[in-house]
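Pasted below: work16.pdb, PDB, C-alpha atoms and all ligand atoms.
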```pdb
ATOM      1  CA  MET A 287     124.455  80.005 143.226
ATOM      2  CA  ASN A 288     121.602  77.981 144.667
ATOM      3  CA  GLU A 289     117.909  78.710 144.835
ATOM      4  CA  SER A 290     117.978  80.083 148.346
ATOM      5  CA  ASP A 291     120.219  82.891 147.085
ATOM      6  CA  ALA A 292     117.226  84.263 145.211
ATOM      7  CA  THR A 293     116.248  86.584 147.985
ATOM      8  CA  THR A 294     119.791  87.898 148.539
ATOM      9  CA  PHE A 295     120.795  88.340 144.900
ATOM     10  CA  SER A 296     119.912  91.688 143.401
ATOM     11  CA  HIS A 297     119.260  92.428 139.755
ATOM     12  CA  VAL A 298     118.548  96.132 139.480
ATOM     13  CA  PRO A 299     115.634  96.587 137.079
ATOM     14  CA  VAL A 300     116.446  99.001 134.270
ATOM     15  CA  LEU A 301     114.209 101.989 133.389
ATOM     16  CA  LEU A 302     111.797 100.887 136.113
ATOM     17  CA  ASN A 303     109.714 104.082 136.447
ATOM     18  CA  GLU A 304     109.718 104.689 132.705
ATOM     19  CA  ALA A 305     108.487 101.133 132.040
ATOM     20  CA  MET A 306     105.707 101.497 134.632
ATOM     21  CA  ASP A 307     104.640 104.857 133.148
ATOM     22  CA  GLU A 308     104.540 103.506 129.597
ATOM     23  CA  LEU A 309     102.577 100.411 130.670
ATOM     24  CA  ASN A 310      99.842 102.822 131.809
ATOM     25  CA  LEU A 311      98.948 100.609 134.778
ATOM     26  CA  HIS A 312      95.242 100.141 135.544
ATOM     27  CA  PRO A 313      93.629  97.790 138.078
ATOM     28  CA  GLY A 314      91.671  94.682 137.089
ATOM     29  CA  LYS A 315      93.595  93.882 133.865
ATOM     30  CA  VAL A 316      95.811  91.083 132.580
ATOM     31  CA  TRP A 317      99.546  91.910 132.575
ATOM     32  CA  VAL A 318     102.379  89.813 131.130
ATOM     33  CA  ASP A 319     106.057  90.164 131.996
ATOM     34  CA  ALA A 320     107.536  88.087 129.161
ATOM     35  CA  THR A 321     111.081  88.160 130.593
ATOM     36  CA  ALA A 322     110.275  88.016 134.304
ATOM     37  CA  GLY A 323     113.869  87.243 135.411
ATOM     38  CA  PHE A 324     114.264  88.214 139.036
ATOM     39  CA  GLY A 325     110.857  89.835 139.065
ATOM     40  CA  GLY A 326     112.057  93.420 139.536
ATOM     41  CA  HIS A 327     109.601  94.858 137.017
ATOM     42  CA  LEU A 328     106.873  92.314 137.734
ATOM     43  CA  GLN A 329     107.010  92.954 141.463
ATOM     44  CA  GLU A 330     106.750  96.696 140.884
ATOM     45  CA  MET A 331     103.689  96.228 138.647
ATOM     46  CA  ILE A 332     102.001  94.141 141.344
ATOM     47  CA  LYS A 333     102.960  96.653 144.025
ATOM     48  CA  ARG A 334     101.724  99.705 142.132
ATOM     49  CA  LEU A 335      98.399  97.983 141.417
ATOM     50  CA  SER A 336      98.135  96.604 144.974
ATOM     51  CA  GLY A 337      97.781  93.154 143.405
ATOM     52  CA  ASP A 338      94.548  94.149 141.637
ATOM     53  CA  GLY A 339      94.860  92.332 138.313
ATOM     54  CA  LYS A 340      96.130  89.099 136.839
ATOM     55  CA  PHE A 341      99.908  88.934 136.582
ATOM     56  CA  ILE A 342     101.660  86.444 134.312
ATOM     57  CA  GLY A 343     105.439  85.966 134.327
ATOM     58  CA  ILE A 344     107.441  84.059 131.704
ATOM     59  CA  ASP A 345     111.127  83.125 131.649
ATOM     60  CA  ARG A 346     112.939  80.545 129.561
ATOM     61  CA  ASP A 347     115.593  80.012 132.237
ATOM     62  CA  LYS A 348     114.430  77.238 134.580
ATOM     63  CA  GLN A 349     116.832  78.173 137.404
ATOM     64  CA  THR A 350     115.730  81.798 137.298
ATOM     65  CA  LEU A 351     112.089  80.825 137.251
ATOM     66  CA  SER A 352     112.366  78.519 140.235
ATOM     67  CA  MET A 353     114.005  81.359 142.185
ATOM     68  CA  LEU A 354     111.215  83.663 141.088
ATOM     69  CA  ARG A 355     108.653  81.110 142.269
ATOM     70  CA  ASN A 356     110.106  81.384 145.791
ATOM     71  CA  LYS A 357     109.476  85.095 145.628
ATOM     72  CA  LEU A 358     106.241  85.597 143.696
ATOM     73  CA  ALA A 359     104.378  82.279 143.328
ATOM     74  CA  ASP A 360     101.461  83.515 145.453
ATOM     75  CA  LYS A 361     101.105  86.762 143.511
ATOM     76  CA  ALA A 362     101.684  85.800 139.869
ATOM     77  CA  HIS A 363     101.152  82.942 137.424
ATOM     78  CA  LEU A 364     104.672  81.879 136.455
ATOM     79  CA  PHE A 365     105.651  79.870 133.397
ATOM     80  CA  HIS A 366     108.893  78.299 132.247
ATOM     81  CA  ALA A 367     108.600  79.028 128.529
ATOM     82  CA  ASN A 368     110.076  80.904 125.627
ATOM     83  CA  TYR A 369     108.174  84.153 125.045
ATOM     84  CA  THR A 370     107.502  82.861 121.529
ATOM     85  CA  GLU A 371     105.003  80.560 123.307
ATOM     86  CA  ILE A 372     103.065  83.504 124.744
ATOM     87  CA  GLU A 373      99.794  82.402 123.153
ATOM     88  CA  ASP A 374      99.976  78.947 124.790
ATOM     89  CA  VAL A 375     100.978  80.514 128.095
ATOM     90  CA  LEU A 376      97.970  82.827 128.009
ATOM     91  CA  ARG A 377      95.651  79.945 127.192
ATOM     92  CA  GLU A 378      97.091  77.905 130.060
ATOM     93  CA  ALA A 379      96.525  80.877 132.351
ATOM     94  CA  GLY A 380      92.883  80.921 131.214
ATOM     95  CA  GLU A 381      93.129  84.101 129.127
ATOM     96  CA  GLN A 382      92.732  84.868 125.437
ATOM     97  CA  GLN A 383      93.913  88.447 125.389
ATOM     98  CA  VAL A 384      96.258  90.719 127.297
ATOM     99  CA  THR A 385      93.987  93.516 128.487
ATOM    100  CA  GLY A 386      96.639  95.506 130.407
ATOM    101  CA  GLY A 387     100.013  95.205 128.736
ATOM    102  CA  ILE A 388     103.083  93.169 127.871
ATOM    103  CA  LEU A 389     106.544  94.067 129.132
ATOM    104  CA  ALA A 390     109.777  92.577 127.757
ATOM    105  CA  ASP A 391     113.150  93.518 129.258
ATOM    106  CA  LEU A 392     115.398  91.660 126.828
ATOM    107  CA  GLY A 393     118.747  89.922 127.095
ATOM    108  CA  VAL A 394     120.370  88.216 130.040
ATOM    109  CA  SER A 395     120.089  89.128 133.709
ATOM    110  CA  SER A 396     123.071  90.217 135.828
ATOM    111  CA  ARG A 397     122.770  86.905 137.619
ATOM    112  CA  GLN A 398     123.094  84.900 134.410
ATOM    113  CA  LEU A 399     126.106  87.017 133.412
ATOM    114  CA  ASP A 400     127.780  86.745 136.799
ATOM    115  CA  ASP A 401     127.372  82.984 137.131
ATOM    116  CA  ALA A 402     130.567  81.621 135.503
ATOM    117  CA  GLU A 403     128.975  78.187 135.085
ATOM    118  CA  ARG A 404     126.455  79.613 132.593
ATOM    119  CA  GLY A 405     129.272  80.611 130.238
ATOM    120  CA  PHE A 406     127.955  84.080 129.269
ATOM    121  CA  SER A 407     130.899  86.013 130.682
ATOM    122  CA  PHE A 408     134.268  86.711 129.072
ATOM    123  CA  LEU A 409     135.560  87.852 132.485
ATOM    124  CA  ARG A 410     134.901  84.665 134.466
ATOM    125  CA  ASP A 411     136.116  81.261 133.402
ATOM    126  CA  GLY A 412     133.408  78.714 132.777
ATOM    127  CA  PRO A 413     132.161  76.229 130.201
ATOM    128  CA  LEU A 414     131.259  77.649 126.777
ATOM    129  CA  ASP A 415     127.538  77.178 127.346
ATOM    130  CA  MET A 416     125.447  80.393 126.935
ATOM    131  CA  ARG A 417     122.075  78.611 126.876
ATOM    132  CA  MET A 418     119.288  80.590 128.515
ATOM    133  CA  ASP A 419     117.188  77.441 128.492
ATOM    134  CA  GLN A 420     119.456  74.657 129.707
ATOM    135  CA  SER A 421     117.156  71.977 128.312
ATOM    136  CA  GLN A 422     118.032  72.918 124.726
ATOM    137  CA  ASN A 423     120.847  71.045 122.951
ATOM    138  CA  LEU A 424     122.761  73.770 121.134
ATOM    139  CA  THR A 425     125.573  75.368 123.166
ATOM    140  CA  ALA A 426     128.272  77.917 122.337
ATOM    141  CA  GLU A 427     130.808  75.084 122.550
ATOM    142  CA  ALA A 428     129.007  73.193 119.771
ATOM    143  CA  ILE A 429     128.983  76.282 117.540
ATOM    144  CA  VAL A 430     132.618  77.230 118.176
ATOM    145  CA  ASN A 431     133.928  73.695 117.689
ATOM    146  CA  ASN A 432     131.737  72.445 114.825
ATOM    147  CA  TYR A 433     130.662  75.320 112.578
ATOM    148  CA  SER A 434     132.660  76.109 109.444
ATOM    149  CA  GLU A 435     134.930  79.140 109.231
ATOM    150  CA  LYS A 436     132.408  80.868 106.940
ATOM    151  CA  GLU A 437     129.491  80.194 109.288
ATOM    152  CA  LEU A 438     131.456  81.463 112.293
ATOM    153  CA  ALA A 439     132.543  84.616 110.475
ATOM    154  CA  GLU A 440     128.926  85.293 109.454
ATOM    155  CA  ILE A 441     127.599  84.833 112.987
ATOM    156  CA  ILE A 442     130.284  87.069 114.496
ATOM    157  CA  PHE A 443     129.749  89.732 111.846
ATOM    158  CA  MET A 444     125.939  89.677 111.741
ATOM    159  CA  TYR A 445     125.157  89.253 115.430
ATOM    160  CA  GLY A 446     128.207  90.973 116.888
ATOM    161  CA  GLU A 447     128.763  93.645 114.217
ATOM    162  CA  GLU A 448     132.461  92.756 114.649
ATOM    163  CA  ARG A 449     134.766  94.179 111.954
ATOM    164  CA  HIS A 450     137.394  91.536 112.658
ATOM    165  CA  SER A 451     134.958  88.624 112.280
ATOM    166  CA  ARG A 452     136.917  86.842 109.515
ATOM    167  CA  ARG A 453     140.195  86.995 111.391
ATOM    168  CA  ILE A 454     138.544  85.711 114.583
ATOM    169  CA  ALA A 455     136.811  82.858 112.715
ATOM    170  CA  LYS A 456     140.086  81.861 111.034
ATOM    171  CA  ARG A 457     141.962  81.749 114.359
ATOM    172  CA  ILE A 458     139.158  79.791 116.017
ATOM    173  CA  ILE A 459     139.411  77.143 113.312
ATOM    174  CA  GLU A 460     143.218  76.994 113.706
ATOM    175  CA  ARG A 461     143.146  76.689 117.493
ATOM    176  CA  ARG A 462     139.959  74.789 118.309
ATOM    177  CA  PRO A 463     138.640  72.844 120.214
ATOM    178  CA  PHE A 464     137.660  75.364 122.904
ATOM    179  CA  LYS A 465     135.919  74.330 126.098
ATOM    180  CA  ASN A 466     136.119  77.437 128.255
ATOM    181  CA  THR A 467     135.144  81.086 128.037
ATOM    182  CA  LEU A 468     138.479  82.662 129.014
ATOM    183  CA  ALA A 469     140.466  80.684 126.418
ATOM    184  CA  LEU A 470     138.111  81.962 123.713
ATOM    185  CA  ALA A 471     138.148  85.521 125.116
ATOM    186  CA  ASP A 472     141.991  85.491 125.019
ATOM    187  CA  LEU A 473     142.024  84.328 121.425
ATOM    188  CA  VAL A 474     139.591  87.108 120.437
ATOM    189  CA  ARG A 475     141.687  89.696 122.279
ATOM    190  CA  GLY A 476     144.635  88.711 120.072
ATOM    191  CA  CYS A 477     142.592  89.313 116.912
ATOM    192  CA  VAL A 478     141.015  92.684 117.722
ATOM    193  CA  ARG A 479     143.011  95.891 117.475
ATOM    194  CA  PRO A 480     142.302  98.213 120.417
ATOM    195  CA  SER A 481     140.377 101.328 119.414
ATOM    196  CA  LYS A 482     140.545 104.704 121.104
ATOM    197  CA  TYR A 483     136.816 105.133 120.380
ATOM    198  CA  ASP A 484     135.735 101.896 122.040
ATOM    199  CA  ASP A 485     136.689 101.003 125.588
ATOM    200  CA  SER A 486     134.643  97.792 125.741
ATOM    201  CA  HIS A 487     136.361  94.432 126.243
ATOM    202  CA  PRO A 488     137.622  93.095 122.865
ATOM    203  CA  ALA A 489     135.531  89.918 123.256
ATOM    204  CA  THR A 490     132.233  91.762 123.902
ATOM    205  CA  ARG A 491     130.957  91.587 120.333
ATOM    206  CA  THR A 492     132.020  87.978 119.699
ATOM    207  CA  PHE A 493     130.384  86.786 122.930
ATOM    208  CA  GLN A 494     127.220  88.746 122.100
ATOM    209  CA  ALA A 495     127.143  87.114 118.663
ATOM    210  CA  LEU A 496     127.525  83.595 120.044
ATOM    211  CA  ARG A 497     124.856  84.194 122.691
ATOM    212  CA  ILE A 498     122.411  85.470 120.074
ATOM    213  CA  ALA A 499     123.096  82.452 117.857
ATOM    214  CA  VAL A 500     122.822  79.905 120.679
ATOM    215  CA  ASN A 501     119.473  81.290 121.837
ATOM    216  CA  ASP A 502     118.109  82.351 118.422
ATOM    217  CA  GLU A 503     117.421  85.673 120.103
ATOM    218  CA  LEU A 504     116.567  87.735 117.044
ATOM    219  CA  GLY A 505     114.294  85.119 115.436
ATOM    220  CA  SER A 506     112.459  84.640 118.747
ATOM    221  CA  LEU A 507     112.094  88.383 119.224
ATOM    222  CA  LYS A 508     110.454  88.903 115.806
ATOM    223  CA  SER A 509     107.985  86.084 116.346
ATOM    224  CA  PHE A 510     107.170  87.238 119.897
ATOM    225  CA  LEU A 511     106.561  90.864 118.880
ATOM    226  CA  GLN A 512     104.261  89.864 116.039
ATOM    227  CA  GLN A 513     102.254  87.477 118.242
ATOM    228  CA  GLY A 514     102.217  89.895 121.164
ATOM    229  CA  ILE A 515     100.671  92.683 119.065
ATOM    230  CA  GLN A 516      97.875  90.299 117.990
ATOM    231  CA  LEU A 517      97.219  89.232 121.588
ATOM    232  CA  LEU A 518      96.825  92.748 122.982
ATOM    233  CA  ALA A 519      93.273  93.976 123.579
ATOM    234  CA  PRO A 520      92.490  97.493 122.316
ATOM    235  CA  GLY A 521      94.088 100.060 124.610
ATOM    236  CA  ALA A 522      96.649  97.572 125.991
ATOM    237  CA  ARG A 523     100.321  98.489 125.885
ATOM    238  CA  PHE A 524     103.491  96.806 124.583
ATOM    239  CA  VAL A 525     106.691  97.979 126.284
ATOM    240  CA  VAL A 526     110.079  96.623 125.196
ATOM    241  CA  ILE A 527     113.524  97.387 126.632
ATOM    242  CA  THR A 528     116.475  96.474 124.388
ATOM    243  CA  PHE A 529     120.231  96.466 125.039
ATOM    244  CA  HIS A 530     121.820  96.555 121.598
ATOM    245  CA  SER A 531     121.110  98.008 118.196
ATOM    246  CA  LEU A 532     120.147  94.702 116.532
ATOM    247  CA  GLU A 533     117.272  94.205 118.988
ATOM    248  CA  ASP A 534     116.239  97.842 118.931
ATOM    249  CA  ARG A 535     116.100  97.865 115.121
ATOM    250  CA  ILE A 536     113.734  94.875 115.150
ATOM    251  CA  VAL A 537     111.409  96.439 117.734
ATOM    252  CA  LYS A 538     111.377  99.738 115.862
ATOM    253  CA  GLN A 539     110.655  98.020 112.538
ATOM    254  CA  ILE A 540     107.893  95.706 113.798
ATOM    255  CA  PHE A 541     106.160  98.512 115.707
ATOM    256  CA  LYS A 542     106.424 100.654 112.580
ATOM    257  CA  GLU A 543     104.876  97.944 110.400
ATOM    258  CA  ALA A 544     102.035  97.489 112.905
ATOM    259  CA  ALA A 545     101.472 101.229 112.904
ATOM    260  CA  LEU A 546     101.249 101.233 109.110
ATOM    261  CA  ASN A 547      99.887 104.516 107.837
ATOM    262  CA  CYS A 548      99.378 105.914 111.314
ATOM    263  CA  ILE A 549     100.456 109.547 111.358
ATOM    264  CA  CYS A 550      98.871 110.494 114.686
ATOM    265  CA  PRO A 551     101.084 112.592 116.936
ATOM    266  CA  PRO A 552     102.827 110.652 119.727
ATOM    267  CA  ARG A 553     100.704 110.213 122.869
ATOM    268  CA  GLN A 554      97.432 110.928 121.074
ATOM    269  CA  PRO A 555      95.241 108.232 122.673
ATOM    270  CA  ILE A 556      93.104 107.390 119.634
ATOM    271  CA  CYS A 557      94.341 106.789 116.109
ATOM    272  CA  THR A 558      92.258 108.993 113.858
ATOM    273  CA  CYS A 559      94.135 108.678 110.602
ATOM    274  CA  THR A 560      93.466 105.116 109.435
ATOM    275  CA  LYS A 561      91.548 101.972 110.302
ATOM    276  CA  ARG A 562      94.410  99.725 109.184
ATOM    277  CA  SER A 563      96.854 100.508 111.950
ATOM    278  CA  GLN A 564      97.105  97.974 114.759
ATOM    279  CA  LEU A 565      99.429  99.921 116.975
ATOM    280  CA  LEU A 566      99.959 103.507 117.938
ATOM    281  CA  VAL A 567     103.674 104.021 118.492
ATOM    282  CA  ILE A 568     103.926 106.034 121.685
ATOM    283  CA  THR A 569     107.674 106.537 121.715
ATOM    284  CA  ARG A 570     108.723 107.944 118.350
ATOM    285  CA  LYS A 571     112.216 108.140 119.853
ATOM    286  CA  PRO A 572     113.322 105.494 122.368
ATOM    287  CA  ILE A 573     113.429 106.413 126.045
ATOM    288  CA  VAL A 574     116.933 106.061 127.540
ATOM    289  CA  ALA A 575     118.239 106.078 131.093
ATOM    290  CA  ASP A 576     119.258 109.389 132.676
ATOM    291  CA  LYS A 577     122.800 110.010 133.960
ATOM    292  CA  LYS A 578     121.844 109.199 137.540
ATOM    293  CA  GLU A 579     120.552 105.740 136.611
ATOM    294  CA  VAL A 580     123.580 105.002 134.403
ATOM    295  CA  LEU A 581     125.921 105.940 137.254
ATOM    296  CA  ALA A 582     124.053 103.711 139.676
ATOM    297  CA  ASN A 583     123.616 100.837 137.211
ATOM    298  CA  PRO A 584     126.040 100.727 134.238
ATOM    299  CA  ARG A 585     123.824  98.085 132.549
ATOM    300  CA  ALA A 586     121.321 100.885 131.909
ATOM    301  CA  ARG A 587     123.801 102.669 129.622
ATOM    302  CA  SER A 588     122.699 100.868 126.479
ATOM    303  CA  ALA A 589     119.021 100.385 127.388
ATOM    304  CA  LYS A 590     116.357 101.736 125.023
ATOM    305  CA  LEU A 591     112.655 101.559 125.750
ATOM    306  CA  ARG A 592     109.961 101.629 123.063
ATOM    307  CA  ALA A 593     106.228 101.480 123.680
ATOM    308  CA  GLY A 594     103.095 101.053 121.601
ATOM    309  CA  GLU A 595      99.366 100.916 122.265
ATOM    310  CA  LYS A 596      96.984  98.533 120.555
ATOM    311  CA  LEU A 597      94.342 100.295 118.534
ATOM    312  CA  ALA A 598      90.710  99.313 118.293
TER     313      ALA A 598
HETATM  314  C1  LIG B   1     117.180  91.399 131.650
HETATM  315  S1  LIG B   1     116.513  89.965 132.377
HETATM  316  C2  LIG B   1     114.964  90.507 133.010
HETATM  317  C3  LIG B   1     115.057  91.087 134.372
HETATM  318  C4  LIG B   1     113.722  91.450 134.994
HETATM  319  N1  LIG B   1     113.031  92.460 134.228
HETATM  320  C5  LIG B   1     113.925  91.906 136.428
HETATM  321  O1  LIG B   1     113.683  93.080 136.700
HETATM  322  O2  LIG B   1     114.328  91.099 137.260
HETATM  323  C6  LIG B   1     116.016  89.065 130.983
HETATM  324  C7  LIG B   1     115.382  87.728 131.304
HETATM  325  O3  LIG B   1     114.707  87.300 130.130
HETATM  326  C8  LIG B   1     114.861  85.926 129.975
HETATM  327  N2  LIG B   1     114.686  85.656 128.546
HETATM  328  C9  LIG B   1     115.505  85.998 127.532
HETATM  329  N3  LIG B   1     115.004  85.578 126.349
HETATM  330  C10 LIG B   1     113.827  84.979 126.632
HETATM  331  C11 LIG B   1     112.832  84.354 125.829
HETATM  332  N4  LIG B   1     112.992  84.223 124.510
HETATM  333  N5  LIG B   1     111.741  83.864 126.437
HETATM  334  C12 LIG B   1     111.583  83.977 127.790
HETATM  335  N6  LIG B   1     112.503  84.529 128.599
HETATM  336  C13 LIG B   1     113.610  85.036 128.028
HETATM  337  C14 LIG B   1     116.240  85.632 130.500
HETATM  338  O4  LIG B   1     116.339  84.289 130.922
HETATM  339  C15 LIG B   1     116.346  86.627 131.665
HETATM  340  O5  LIG B   1     115.983  86.038 132.886
END
```
Since I need it in another form, could you write the structure as structure tokens?
Amino acid sequence: MNESDATTFSHVPVLLNEAMDELNLHPGKVWVDATAGFGGHLQEMIKRLSGDGKFIGIDRDKQTLSMLRNKLADKAHLFHANYTEIEDVLREAGEQQVTGGILADLGVSSRQLDDAERGFSFLRDGPLDMRMDQSQNLTAEAIVNNYSEKELAEIIFMYGEERHSRRIAKRIIERRPFKNTLALADLVRGCVRPSKYDDSHPATRTFQALRIAVNDELGSLKSFLQQGIQLLAPGARFVVITFHSLEDRIVKQIFKEAALNCICPPRQPICTCTKRSQLLVITRKPIVADKKEVLANPRARSAKLRAGEKLA
């Protein structure tokens, strides 16, 4: 896909209305979309506020960002960066605090998944790459072909929650080197017993694990959430959409730690119970997509949205 396809390619933004509601949009504030992608959420924020505010978009994927520039360069400040660099990005944009809110819609976009050359898909043959930021050195191929059996089993178990991790790691070692996605997906299929409770592709969990390891997704997420909470001005919102339990657990835990001792009921605008809390957790239970959205966009099936508000 080339850059001119940006306008024709569609990535359907997940939980769009719910994210806008939880951001509590107000004119004249600073808003950050930390995973701007194809700009679905960012564009909606700008539209709902009629452009009244400062809009900052971040994405670590250079190709995605240059497509986004074609679409939104005149309306938003766009940065090719990891969201762990949010403080530097803000400074470069001339801001010290986020007065409106931060949105993060985690994971990979449909475009990244569908582009075989990026190596994220177990359904399309491509190089074992999986880098979101193509300027980094570590690829899935390097992990699969160089890591020890123990390291591979740990990655597949921890980041993929795959019961058959040891068997998969053993077979990888026996059969490597691997260069392409489909060869690896076939090997995994041979190691995983089909389950009547799980209709996902047998390679789903192994590919998820490798992607998380290549991009250090969980480490980056922790650091970003902690920094993001510090950078919010009082009253500003943090809205995060996750797609698997490992991410959701981290968001839940870090929000909970920041809300330390806060026992205010959800949606109460001011924390009255303690001065130590930094965040009021607005969503005690995550918001999920309704049946209609899941039918229209199967990606929404596993989405969970959590939101918090910075306290004074
Ligand atoms: C699910 S997509 C976002 C889609 C976007 N909300 C939209 O509506 O078009 C996730 C995006 O986050 C980016 N991303 C993932 N991890 C990132 C990180 N650590 N820093 C910055 N961007 C990241 C990916 O490159 C991808 O483009």
Ground truth for the PyMOL selection byres (((not hetatm)) within 6 of (chain B and resi 1)), written as a PyMOL selection string: chain A and resi 297+299+320-327+344-347+367-369+391-395+418+506
The residues within 10 Å of (126.2, 85.1, 132.5), using all atoms listed in the file and the coordinates of the file, should be reported as a PDB file with C-alpha atoms, in the coordinates of the input; which are they?
```pdb
ATOM      1  CA  VAL A 394     120.370  88.216 130.040  1.00  0.00           C
ATOM      2  CA  SER A 395     120.089  89.128 133.709  1.00  0.00           C
ATOM      3  CA  SER A 396     123.071  90.217 135.828  1.00  0.00           C
ATOM      4  CA  ARG A 397     122.770  86.905 137.619  1.00  0.00           C
ATOM      5  CA  GLN A 398     123.094  84.900 134.410  1.00  0.00           C
ATOM      6  CA  LEU A 399     126.106  87.017 133.412  1.00  0.00           C
ATOM      7  CA  ASP A 400     127.780  86.745 136.799  1.00  0.00           C
ATOM      8  CA  ASP A 401     127.372  82.984 137.131  1.00  0.00           C
ATOM      9  CA  ALA A 402     130.567  81.621 135.503  1.00  0.00           C
ATOM     10  CA  GLU A 403     128.975  78.187 135.085  1.00  0.00           C
ATOM     11  CA  ARG A 404     126.455  79.613 132.593  1.00  0.00           C
ATOM     12  CA  GLY A 405     129.272  80.611 130.238  1.00  0.00           C
ATOM     13  CA  PHE A 406     127.955  84.080 129.269  1.00  0.00           C
ATOM     14  CA  SER A 407     130.899  86.013 130.682  1.00  0.00           C
ATOM     15  CA  PHE A 408     134.268  86.711 129.072  1.00  0.00           C
ATOM     16  CA  LEU A 409     135.560  87.852 132.485  1.00  0.00           C
ATOM     17  CA  ARG A 410     134.901  84.665 134.466  1.00  0.00           C
ATOM     18  CA  GLY A 412     133.408  78.714 132.777  1.00  0.00           C
ATOM     19  CA  ASP A 415     127.538  77.178 127.346  1.00  0.00           C
ATOM     20  CA  MET A 416     125.447  80.393 126.935  1.00  0.00           C
ATOM     21  CA  ARG A 417     122.075  78.611 126.876  1.00  0.00           C
ATOM     22  CA  MET A 418     119.288  80.590 128.515  1.00  0.00           C
ATOM     23  CA  ARG A 497     124.856  84.194 122.691  1.00  0.00           C
TER      24      ARG A 497
END
```
Residue among A:Val318, A:Val537, A:Val474, A:Ile429 lying closest to A:Ala499, counting all atoms listed in the file: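 Counting all atoms listed in the file, the residue closest to A:Ala499 is A:Ile429.
One finds atom CA of A:Val567 at 6.6 Å from atom CA of A:Ala545.
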Result set of the PyMOL selection byres (((chain A and resi 428) around 12) and not hetatm) on the coordinates above, as a list in words: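 Applied to this file, the PyMOL selection byres (((chain A and resi 428) around 12) and not hetatm) selects Pro413, Leu414, Asp415, Met416, Arg417, Asn423, Leu424, Thr425, Ala426, Glu427, Ile429, Val430, Asn431, Asn432, Tyr433, Ser434, Leu438, Arg462, Pro463, Phe464, Lys465, Asn466, Leu496, Ala499 and Val500 of chain A.
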Straight-line distance linking atom CA of A:Leu566 with atom CA of A:Asp338, stated in Å to one decimal: 26.0 Å
Distance in Å - atom CA of A:Glu304 versus atom CA of A:Ile573: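 Atom CA of A:Ile573 lies 7.8 Å from atom CA of A:Glu304.
Shortest separation to A:Leu511 among A:Leu565, A:Ala379, A:Ile342, A:Ala305 occurs at residue A:Leu565, atoms counted being only C-alpha atoms.
Closest to A:Asn303 among A:Ala575, A:Val375, A:Ala495, A:Leu581 is A:Ala575, based on only C-alpha atoms.
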Among listed residues A:Ala469, A:Ala489, A:Ile568, A:Ile454, nearest A:Lys542 (using all atoms listed in the file):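 Checking each of A:Ala469, A:Ala489, A:Ile568, A:Ile454 against A:Lys542, counting all atoms listed in the file, the winner is A:Ile568.
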Output check: residues returned by the PyMOL selection byres (((chain A and resi 491) around 7) and not hetatm), as a PyMOL selection string: chain A and resi 446-448+489-490+492-495
Given the selection you just returned, output its residues as a file containing C-alpha atoms, formatted as a CSV table (one decimal), keeping the file's coordinate frame.
```csv
chain,number,residue,atom,x,y,z
A,446,GLY,CA,128.2,91.0,116.9
A,447,GLU,CA,128.8,93.6,114.2
A,448,GLU,CA,132.5,92.8,114.6
A,489,ALA,CA,135.5,89.9,123.3
A,490,THR,CA,132.2,91.8,123.9
A,492,THR,CA,132.0,88.0,119.7
A,493,PHE,CA,130.4,86.8,122.9
A,494,GLN,CA,127.2,88.7,122.1
A,495,ALA,CA,127.1,87.1,118.7
```
Best match for closeness to A:Gly337 among A:Ala522, A:Val316, A:Val298, A:Ala589, counting all atoms listed in the file: A:Val316
Test item: residues at most 7 Å from A:Ala439, all atoms listed in the file, excluding those fewer than 4 positions along its chain, as a list in words: Glu435, Phe443, Ser451, Arg452 and Ala455 of chain A
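Remark: for A:Gln349, the closest of the candidate residues A:His366, A:Lys361, A:Arg334, A:Arg570 is A:His366 (distances computed over all atoms listed in the file).
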Residues near stretch 523-528 of chain A, cut-off 6 Å, only C-alpha atoms, skip fewer than 3 positions along chain, as a PyMOL selection string: chain A and resi 309+387-392+533-534+589-595
Local residues around (97.3, 86.6, 116.5), at most 12 Å away, using all atoms listed in the file, as number ranges by chain: A: 370-374, 382-384, 509-519, 564
Quick one: what's the axis-aligned box for stretch 417-427 of chain A, all listed atoms, 3 Å on every side, centre and edges in Å to one decimal, as JSON?
```
{"center_x": 124.0, "center_y": 75.8, "center_z": 125.4, "size_x": 19.7, "size_y": 15.5, "size_z": 14.6}
```
